[in-house]
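One structure is given below, encoded as structure tokens.
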Amino acid sequence: MPDEFRSQLERVADWVDGYYKDARRYPVLSRYKPGELIGQLPARAPEQAEPFAAIFADFERLIVPGITHWNHPRFFAYFSISAAPVAILAEMLASTLDVNAMLWRTSPAATELEDVVTKWLAKLMQLPEHLHGIIYDTASISGFTALAAARERAEPSIRAQGMAGRSDLSPLRVYITEQTHSHIEKGAIALGIGRQNVIKIPCDDGFAMRPDALEAQIRDDLAKGLRPMCVCATVGTTSTTSSDPLAAIAAITRKHNVWLHVDAAYAGPATILPEVRPLLDGVEHADSLVMNPHKWLFVPIDLSVLYVREPEILRRAFSLVADYLQTPETDVHNYMDYGLQLGRRFRALKLWFVLRYYGAEAIRKKLRSHIALAQELASWIRSEPGWEIAAPHPLSVVCFRYSDDGGTPEEIDARNQRIADDVNASGEVFISTTRLHGRLVLRVAIGNERTTREDVELAWRLLREYAKAKVGAR
Ligand SMILES: *Cc1c(COP(=O)(O)O)cnc(C)c1O
């Protein structure tokens with residue numbers, strides 16, 4: 001039996017190695033039609049054991065064609081990510097150990113390594129020392145957890161009494177912008193804050209929150225007897241990578257004693273670059289901040305770090321220790337007490353492997369190269385007749401559109417959508433679109449550690465070719 005496992009391991013190792021050597025041979029965007037995999041698999045689980053070779057053959061034949069290759073160097077959609085090969089090894093070890101890091105004693109090393117790597121990251125990002133890091137699966141859950149902490153601080157009675165039917169409780173308010181990631185609204189919905197109490201503060205021309213408008217809204221709400229609970233400021237928004245002015249916003253949240261949550265899910269990793277770090281100026285007054293190593297730090301999905309000023313508030317919000325989970329240790333973190341989840345994966349291991357195997361210097365170099373490639377792409381777009389840049393592009397994302405031949409705004413939108421669809425159907429690249437001021441724009445995000453200048457050039461060449469083809473066909 002052990003020999004069989006060993007040969008299976010080797011088979012998988014070969015496949016993984018081959019994938020990393022040549023992921024470009026796959027179409028980036030899967031060509032599967034809806035239902036295509038389901039139609040090819042039996043409706044019931046097998047009663048009898050199947051040989052590994054058969055399972056693996058089906059993995060290659062049926063599963064891989066249904067994969068959209070996030071690890072492909074020409075994946076430019078949404079946020080381009082990549083899994084460092086060394087992190088794959090860490091994931092294998094974490095699964096081998098099958099650690100559940102719910103309590104300190106259920107694997108002291110998992111909990112303590114989490115404390116160590118989140119501190120390492122905090123130092124790289126020059127975060128204030130009072131921020132304590134905890135690992136969750138995604139920024140969405142980190143953000144939800146931060147909102148729950150904000151609610152606990154604003155109105156601790158809700159934990160016991162809930163919110164329904166209470167005349168002593170006025171609505172709690174959350175402030176975002178139209179550029180804020182949707183998970184904040186989702187979190188407010190889940191916490192019973194109510195969507196109508198999530199207020200979108202107007203942005204300036206650069207898609208950043210206007211502090212004067214925030215201040216006015218909070219004053220207005222206070223005058224109406226409403227309870228300002230949390231402001232979510234974003235450093236690196238999802239559409240354009242714009243950043244809200246943290247220091248100015250922090251001055252307002254401090255004055256009114258409102259929780260300041262900073263969403264740096266995407267841009268957080270880049271703040272380890274001295275030239276990007278100014279985006280976090282003012283973070284010393286934040287109550288919480290999220291950054292995603294699974295987005296731009298070469299750690300495979302999933303790993304998000306939530307930093308909080310007072311982890312004790314999180315514990316007050318969530319801790320509910322069943323009799324069978326009581327433990328004798330004091331002065332340790334039992335991370336099941338700091339969120340919804342009981343069971344927790346040993347996620348810190350892969351981050352530790354990546355930070356050590358690359359070292360901060362090489363990571364900075366990779367991040368800089370992504371930003372430089374995005375800036376170069378933007379310069380090509382700017383100097384190409386018929387194309388225009390649609391938003392400032394301070395980091396590794398460029399929003400732009402093809403606007404030659406005029407037409408109504410709707411026609412221009414449709415033309416750009418077709419260009420994106422055609423480019424993506426080629427299988428060579430995958431880009432996405434977003435809407436700015438109601439208009440559709442193309443969006444290229446660079447962030448895969450294996451992306452080269454040639455990859456970006458190819459994307460730009462295809463975009464121009466398909467745009468021309470569209471014009472020719474009219
Ligand atoms: C991607 C992103 C999120 C959501 O990240 P998940 O980890 O997928 O939940 C939240 N906020 C911002 C700014 C993002 O870019």
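How things are named: the first chain in the structure tokens is A, the next is B, and so on; residues count from 1 in each chain; ligands count from 1 in the order shown.
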
Shell of 7 Å around region 226-234 of chain A, only C-alpha atoms, local chain residues under 4 positions omitted, as a PyMOL selection string: chain A and resi 150-151+154+170-176+180+218+221-222+243-244+246+258-264

Backbone DSSP call of alpha helix (DSSP H) for region 176-213 of chain A, listed as a PyMOL selection string: chain A and resi 183-190+211-213

Contacts of ligand 1, 7 Å or closer, only C-alpha atoms and all ligand atoms, given as number ranges by chain: A: 137-141, 180-181, 183, 234, 236-238, 263-266, 292, 304

Next, dump the selected residues to file, keeping only all heavy atoms, as a compact mmCIF listing (two decimals), in the first residue's frame.
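So result-v4.txt came out as:
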# COMPACT_ATOMS: atom_id res chain seq x y z
N ASP A 137 -10.64 33.06 5.86
CA ASP A 137 -10.53 32.54 4.50
C ASP A 137 -10.47 33.66 3.46
O ASP A 137 -9.61 33.66 2.58
CB ASP A 137 -11.66 31.54 4.18
CG ASP A 137 -13.06 32.10 4.43
OD1 ASP A 137 -13.18 33.25 4.91
OD2 ASP A 137 -14.03 31.38 4.15
N THR A 138 -11.38 34.62 3.56
CA THR A 138 -11.50 35.64 2.50
C THR A 138 -11.69 37.03 3.11
O THR A 138 -12.07 37.16 4.28
CB THR A 138 -12.73 35.36 1.61
OG1 THR A 138 -13.89 35.35 2.46
CG2 THR A 138 -12.61 34.04 0.87
N ALA A 139 -11.50 38.04 2.29
CA ALA A 139 -11.73 39.42 2.73
C ALA A 139 -13.20 39.62 3.05
O ALA A 139 -13.55 40.43 3.91
CB ALA A 139 -11.30 40.41 1.65
N SER A 140 -14.07 38.89 2.37
CA SER A 140 -15.50 39.04 2.64
C SER A 140 -15.81 38.64 4.08
O SER A 140 -16.57 39.33 4.77
CB SER A 140 -16.32 38.17 1.68
OG SER A 140 -16.02 38.52 0.35
N ILE A 141 -15.24 37.55 4.52
CA ILE A 141 -15.46 37.10 5.89
C ILE A 141 -14.71 38.00 6.87
O ILE A 141 -15.22 38.33 7.95
CB ILE A 141 -15.05 35.61 6.05
CG1 ILE A 141 -15.96 34.73 5.19
CG2 ILE A 141 -15.08 35.17 7.51
CD1 ILE A 141 -17.45 34.86 5.49
N THR A 180 -16.93 50.78 -3.16
CA THR A 180 -16.63 49.79 -2.11
C THR A 180 -17.03 48.40 -2.57
O THR A 180 -18.07 48.23 -3.21
CB THR A 180 -17.40 50.15 -0.82
OG1 THR A 180 -17.07 51.49 -0.47
CG2 THR A 180 -17.03 49.21 0.32
N HIS A 181 -16.23 47.41 -2.22
CA HIS A 181 -16.55 46.03 -2.58
C HIS A 181 -17.88 45.61 -1.94
O HIS A 181 -18.17 45.98 -0.80
CB HIS A 181 -15.42 45.11 -2.11
CG HIS A 181 -15.54 43.72 -2.64
ND1 HIS A 181 -16.26 42.75 -1.99
CD2 HIS A 181 -15.04 43.15 -3.76
CE1 HIS A 181 -16.18 41.63 -2.69
NE2 HIS A 181 -15.45 41.84 -3.76
N HIS A 183 -18.96 43.15 -0.47
CA HIS A 183 -19.08 42.31 0.72
C HIS A 183 -19.47 43.13 1.96
O HIS A 183 -20.03 42.58 2.90
CB HIS A 183 -17.78 41.54 0.99
CG HIS A 183 -16.68 42.36 1.59
ND1 HIS A 183 -15.87 43.20 0.86
CD2 HIS A 183 -16.26 42.47 2.87
CE1 HIS A 183 -15.01 43.78 1.66
NE2 HIS A 183 -15.21 43.36 2.88
N THR A 234 -11.55 52.22 1.48
CA THR A 234 -10.85 51.22 0.66
C THR A 234 -9.51 51.77 0.18
O THR A 234 -9.43 52.91 -0.29
CB THR A 234 -11.70 50.82 -0.55
OG1 THR A 234 -12.99 50.42 -0.09
CG2 THR A 234 -11.05 49.67 -1.31
N GLY A 236 -7.20 50.75 -2.62
CA GLY A 236 -7.16 49.86 -3.78
C GLY A 236 -8.53 49.28 -4.07
O GLY A 236 -8.78 48.12 -3.77
N THR A 237 -9.43 50.08 -4.67
CA THR A 237 -10.78 49.57 -4.94
C THR A 237 -10.75 48.52 -6.05
O THR A 237 -9.81 48.47 -6.85
CB THR A 237 -11.74 50.70 -5.35
OG1 THR A 237 -11.20 51.36 -6.50
CG2 THR A 237 -11.92 51.71 -4.22
N THR A 238 -11.80 47.74 -6.10
CA THR A 238 -11.83 46.59 -6.99
C THR A 238 -11.92 47.01 -8.46
O THR A 238 -11.28 46.41 -9.31
CB THR A 238 -13.01 45.68 -6.60
OG1 THR A 238 -12.99 45.52 -5.18
CG2 THR A 238 -12.90 44.33 -7.24
N ASP A 263 -10.33 48.50 3.94
CA ASP A 263 -10.31 47.35 3.04
C ASP A 263 -9.13 47.51 2.08
O ASP A 263 -9.20 48.28 1.12
CB ASP A 263 -11.63 47.25 2.27
CG ASP A 263 -11.64 46.06 1.32
OD1 ASP A 263 -10.63 45.33 1.24
OD2 ASP A 263 -12.67 45.86 0.64
N ALA A 264 -8.05 46.80 2.39
CA ALA A 264 -6.87 46.80 1.52
C ALA A 264 -6.64 45.39 1.00
O ALA A 264 -5.51 44.92 0.89
CB ALA A 264 -5.64 47.32 2.27
N ALA A 265 -7.75 44.71 0.67
CA ALA A 265 -7.68 43.30 0.26
C ALA A 265 -6.68 43.13 -0.88
O ALA A 265 -5.79 42.28 -0.84
CB ALA A 265 -9.06 42.80 -0.16
N TYR A 266 -6.81 43.97 -1.90
CA TYR A 266 -5.92 43.86 -3.06
C TYR A 266 -4.61 44.63 -2.85
O TYR A 266 -3.52 44.09 -3.02
CB TYR A 266 -6.65 44.37 -4.31
CG TYR A 266 -5.76 44.96 -5.38
CD1 TYR A 266 -4.94 44.15 -6.17
CD2 TYR A 266 -5.73 46.33 -5.60
CE1 TYR A 266 -4.11 44.70 -7.14
CE2 TYR A 266 -4.92 46.89 -6.57
CZ TYR A 266 -4.10 46.07 -7.33
OH TYR A 266 -3.29 46.63 -8.28
N ASN A 292 -5.23 40.72 1.65
CA ASN A 292 -5.34 39.35 1.16
C ASN A 292 -4.02 38.84 0.57
O ASN A 292 -3.72 39.15 -0.58
CB ASN A 292 -6.39 39.26 0.06
CG ASN A 292 -7.78 39.05 0.57
OD1 ASN A 292 -8.01 39.03 1.77
ND2 ASN A 292 -8.73 38.87 -0.34
N SER A 304 -6.78 35.33 4.01
CA SER A 304 -7.01 36.75 4.20
C SER A 304 -6.62 37.09 5.64
O SER A 304 -6.88 36.30 6.54
CB SER A 304 -8.51 37.04 3.98
OG SER A 304 -8.81 38.38 4.30

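Counting only C-alpha atoms, Arg356 (chain A) has the following residues at most 12 Å away, ignoring those fewer than 5 positions along the same chain: A:Ala84, A:Val86, A:Ala87, A:Ala90, A:Val117, A:Trp120, A:Leu121, A:Leu349, A:Lys350, A:Leu351, A:Glu361, A:Ala362, A:Ile363.
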
Output N, CA, C and O atoms of each residue in that selection to a file, as a tab-separated table (two decimals), in the first residue's frame.
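And here's selection.tsv as it stands now:
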chain	number	residue	atom	x	y	z
A	84	ALA	N	2.43	30.55	-5.54
A	84	ALA	CA	3.85	30.22	-5.60
A	84	ALA	C	4.00	28.70	-5.49
A	84	ALA	O	3.36	28.08	-4.65
A	86	VAL	N	6.13	26.92	-4.13
A	86	VAL	CA	6.51	26.46	-2.79
A	86	VAL	C	5.29	26.42	-1.85
A	86	VAL	O	5.25	25.63	-0.91
A	87	ALA	N	4.29	27.24	-2.16
A	87	ALA	CA	3.08	27.24	-1.33
A	87	ALA	C	2.26	25.97	-1.56
A	87	ALA	O	1.52	25.53	-0.66
A	90	ALA	N	3.52	23.54	0.84
A	90	ALA	CA	3.01	23.82	2.18
A	90	ALA	C	1.57	23.34	2.32
A	90	ALA	O	1.18	22.78	3.36
A	117	VAL	N	3.50	34.98	11.51
A	117	VAL	CA	3.49	35.48	10.12
A	117	VAL	C	2.64	36.74	9.96
A	117	VAL	O	2.97	37.61	9.14
A	120	TRP	N	4.94	39.42	10.99
A	120	TRP	CA	5.93	39.68	9.93
A	120	TRP	C	5.32	40.59	8.86
A	120	TRP	O	5.95	41.57	8.44
A	121	LEU	N	4.11	40.21	8.45
A	121	LEU	CA	3.45	41.00	7.40
A	121	LEU	C	3.19	42.43	7.87
A	121	LEU	O	3.41	43.38	7.11
A	349	LEU	N	0.79	28.26	7.34
A	349	LEU	CA	1.98	27.51	6.88
A	349	LEU	C	2.40	27.96	5.47
A	349	LEU	O	3.58	28.20	5.21
A	350	LYS	N	1.43	28.11	4.57
A	350	LYS	CA	1.79	28.46	3.19
A	350	LYS	C	2.34	29.88	3.12
A	350	LYS	O	3.24	30.17	2.33
A	351	LEU	N	1.80	30.77	3.94
A	351	LEU	CA	2.31	32.14	3.94
A	351	LEU	C	3.75	32.17	4.47
A	351	LEU	O	4.62	32.89	3.95
A	361	GLU	N	12.68	41.03	-0.32
A	361	GLU	CA	13.29	41.76	-1.44
A	361	GLU	C	12.75	41.28	-2.79
A	361	GLU	O	12.38	42.08	-3.64
A	362	ALA	N	12.72	39.96	-2.96
A	362	ALA	CA	12.23	39.41	-4.23
A	362	ALA	C	10.74	39.67	-4.39
A	362	ALA	O	10.26	39.90	-5.51
A	363	ILE	N	10.00	39.65	-3.29
A	363	ILE	CA	8.56	39.92	-3.39
A	363	ILE	C	8.34	41.36	-3.84
A	363	ILE	O	7.54	41.64	-4.73

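Relative to CA of Leu289 (chain A), CA of Ile88 (chain A) is found at 26.8 Å.
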
May I have a table of the residues of region 65-175 of chain A lying at most 9 Å from region 337-340 of chain A, giving each one's closest pair of atoms and their distance in Å to one decimal, counting only C-alpha atoms, ordered by chain and ascending residue number, as JSON lines?
{"residue": "A:Met102", "atom": "CA", "partner": "A:Asp337", "partner_atom": "CA", "distance": 8.3}
{"residue": "A:Leu103", "atom": "CA", "partner": "A:Asp337", "partner_atom": "CA", "distance": 8.6}
{"residue": "A:Ile134", "atom": "CA", "partner": "A:Tyr338", "partner_atom": "CA", "distance": 8.3}
{"residue": "A:Tyr136", "atom": "CA", "partner": "A:Gly339", "partner_atom": "CA", "distance": 8.6}
{"residue": "A:Ile141", "atom": "CA", "partner": "A:Gly339", "partner_atom": "CA", "distance": 8.9}
{"residue": "A:Ser142", "atom": "CA", "partner": "A:Gly339", "partner_atom": "CA", "distance": 8.9}
{"residue": "A:Thr145", "atom": "CA", "partner": "A:Gly339", "partner_atom": "CA", "distance": 6.4}

Written file, previous selection with N, CA, C and O atoms, as a PDB file, in the first residue's frame:
ATOM      1  N   MET A 102      -8.568  25.202  15.673  1.00  0.00           N
ATOM      2  CA  MET A 102      -9.646  25.902  16.393  1.00  0.00           C
ATOM      3  C   MET A 102      -9.201  26.407  17.755  1.00  0.00           C
ATOM      4  O   MET A 102      -9.593  27.481  18.190  1.00  0.00           O
ATOM      5  N   LEU A 103      -8.404  25.594  18.445  1.00  0.00           N
ATOM      6  CA  LEU A 103      -7.892  25.962  19.765  1.00  0.00           C
ATOM      7  C   LEU A 103      -6.368  25.961  19.710  1.00  0.00           C
ATOM      8  O   LEU A 103      -5.773  25.278  18.894  1.00  0.00           O
ATOM      9  N   ILE A 134      -5.342  38.221  12.476  1.00  0.00           N
ATOM     10  CA  ILE A 134      -5.992  36.915  12.543  1.00  0.00           C
ATOM     11  C   ILE A 134      -6.301  36.496  11.109  1.00  0.00           C
ATOM     12  O   ILE A 134      -6.699  37.328  10.289  1.00  0.00           O
ATOM     13  N   TYR A 136      -8.358  34.618   8.220  1.00  0.00           N
ATOM     14  CA  TYR A 136      -9.660  34.074   7.818  1.00  0.00           C
ATOM     15  C   TYR A 136      -9.531  33.580   6.384  1.00  0.00           C
ATOM     16  O   TYR A 136      -8.474  33.702   5.781  1.00  0.00           O
ATOM     17  N   ILE A 141     -15.236  37.547   4.523  1.00  0.00           N
ATOM     18  CA  ILE A 141     -15.459  37.095   5.893  1.00  0.00           C
ATOM     19  C   ILE A 141     -14.709  38.004   6.874  1.00  0.00           C
ATOM     20  O   ILE A 141     -15.216  38.333   7.949  1.00  0.00           O
ATOM     21  N   SER A 142     -13.508  38.436   6.509  1.00  0.00           N
ATOM     22  CA  SER A 142     -12.784  39.392   7.360  1.00  0.00           C
ATOM     23  C   SER A 142     -13.614  40.662   7.545  1.00  0.00           C
ATOM     24  O   SER A 142     -13.726  41.190   8.653  1.00  0.00           O
ATOM     25  N   THR A 145     -16.567  40.104   9.749  1.00  0.00           N
ATOM     26  CA  THR A 145     -16.117  39.971  11.135  1.00  0.00           C
ATOM     27  C   THR A 145     -15.824  41.350  11.728  1.00  0.00           C
ATOM     28  O   THR A 145     -16.158  41.634  12.884  1.00  0.00           O
TER      29      THR A 145
END

Residues near region 27-41 of chain A, cut-off 7 Å, only C-alpha atoms, skip fewer than 5 positions along chain, as number ranges by chain: A: 62, 65-69, 72, 75, 424, 427-430

Can those selected residues be exported to a file as a PDB file, in the first residue's frame so that it contains N, CA and C atoms?
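File written: part_35.pdb
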ATOM      1  N   LEU A  62     -11.704  15.391 -17.968  1.00  0.00           N
ATOM      2  CA  LEU A  62     -12.983  16.067 -17.738  1.00  0.00           C
ATOM      3  C   LEU A  62     -12.876  17.330 -16.878  1.00  0.00           C
ATOM      4  N   PRO A  65     -10.318  20.566 -18.551  1.00  0.00           N
ATOM      5  CA  PRO A  65     -10.937  21.447 -19.563  1.00  0.00           C
ATOM      6  C   PRO A  65     -12.001  22.371 -18.980  1.00  0.00           C
ATOM      7  N   GLY A  66     -12.514  22.023 -17.816  1.00  0.00           N
ATOM      8  CA  GLY A  66     -13.517  22.880 -17.172  1.00  0.00           C
ATOM      9  C   GLY A  66     -12.897  23.850 -16.184  1.00  0.00           C
ATOM     10  N   ILE A  67     -11.582  23.988 -16.256  1.00  0.00           N
ATOM     11  CA  ILE A  67     -10.886  24.923 -15.362  1.00  0.00           C
ATOM     12  C   ILE A  67     -10.619  26.232 -16.100  1.00  0.00           C
ATOM     13  N   THR A  68     -10.926  27.328 -15.459  1.00  0.00           N
ATOM     14  CA  THR A  68     -10.453  28.639 -15.911  1.00  0.00           C
ATOM     15  C   THR A  68      -9.151  28.867 -15.164  1.00  0.00           C
ATOM     16  N   HIS A  69      -8.084  29.092 -15.925  1.00  0.00           N
ATOM     17  CA  HIS A  69      -6.754  28.983 -15.322  1.00  0.00           C
ATOM     18  C   HIS A  69      -6.271  30.272 -14.653  1.00  0.00           C
ATOM     19  N   HIS A  72      -2.700  30.918 -14.909  1.00  0.00           N
ATOM     20  CA  HIS A  72      -2.158  31.171 -16.254  1.00  0.00           C
ATOM     21  C   HIS A  72      -1.564  32.579 -16.271  1.00  0.00           C
ATOM     22  N   PHE A  75      -3.861  35.438 -17.404  1.00  0.00           N
ATOM     23  CA  PHE A  75      -5.132  35.698 -16.724  1.00  0.00           C
ATOM     24  C   PHE A  75      -5.059  37.146 -16.234  1.00  0.00           C
ATOM     25  N   ASN A 424     -11.453  37.036 -25.156  1.00  0.00           N
ATOM     26  CA  ASN A 424     -11.516  35.934 -24.198  1.00  0.00           C
ATOM     27  C   ASN A 424     -11.786  34.596 -24.879  1.00  0.00           C
ATOM     28  N   GLY A 427      -8.964  32.284 -26.098  1.00  0.00           N
ATOM     29  CA  GLY A 427      -8.262  31.384 -25.183  1.00  0.00           C
ATOM     30  C   GLY A 427      -6.868  31.860 -24.827  1.00  0.00           C
ATOM     31  N   GLU A 428      -6.404  32.900 -25.509  1.00  0.00           N
ATOM     32  CA  GLU A 428      -5.028  33.366 -25.279  1.00  0.00           C
ATOM     33  C   GLU A 428      -4.909  34.219 -24.027  1.00  0.00           C
ATOM     34  N   VAL A 429      -5.953  34.987 -23.746  1.00  0.00           N
ATOM     35  CA  VAL A 429      -5.935  35.867 -22.584  1.00  0.00           C
ATOM     36  C   VAL A 429      -7.330  35.880 -21.987  1.00  0.00           C
ATOM     37  N   PHE A 430      -7.418  36.353 -20.762  1.00  0.00           N
ATOM     38  CA  PHE A 430      -8.733  36.543 -20.137  1.00  0.00           C
ATOM     39  C   PHE A 430      -8.702  37.899 -19.460  1.00  0.00           C
TER      40      PHE A 430
END

Ala420 (chain A) environment, 12 Å, only C-alpha atoms, sequence neighbours closer than 5 positions dropped, as a PyMOL selection string: chain A and resi 29+76-77+400-402+413-415+425-434+440-444+459-460+462-467+470
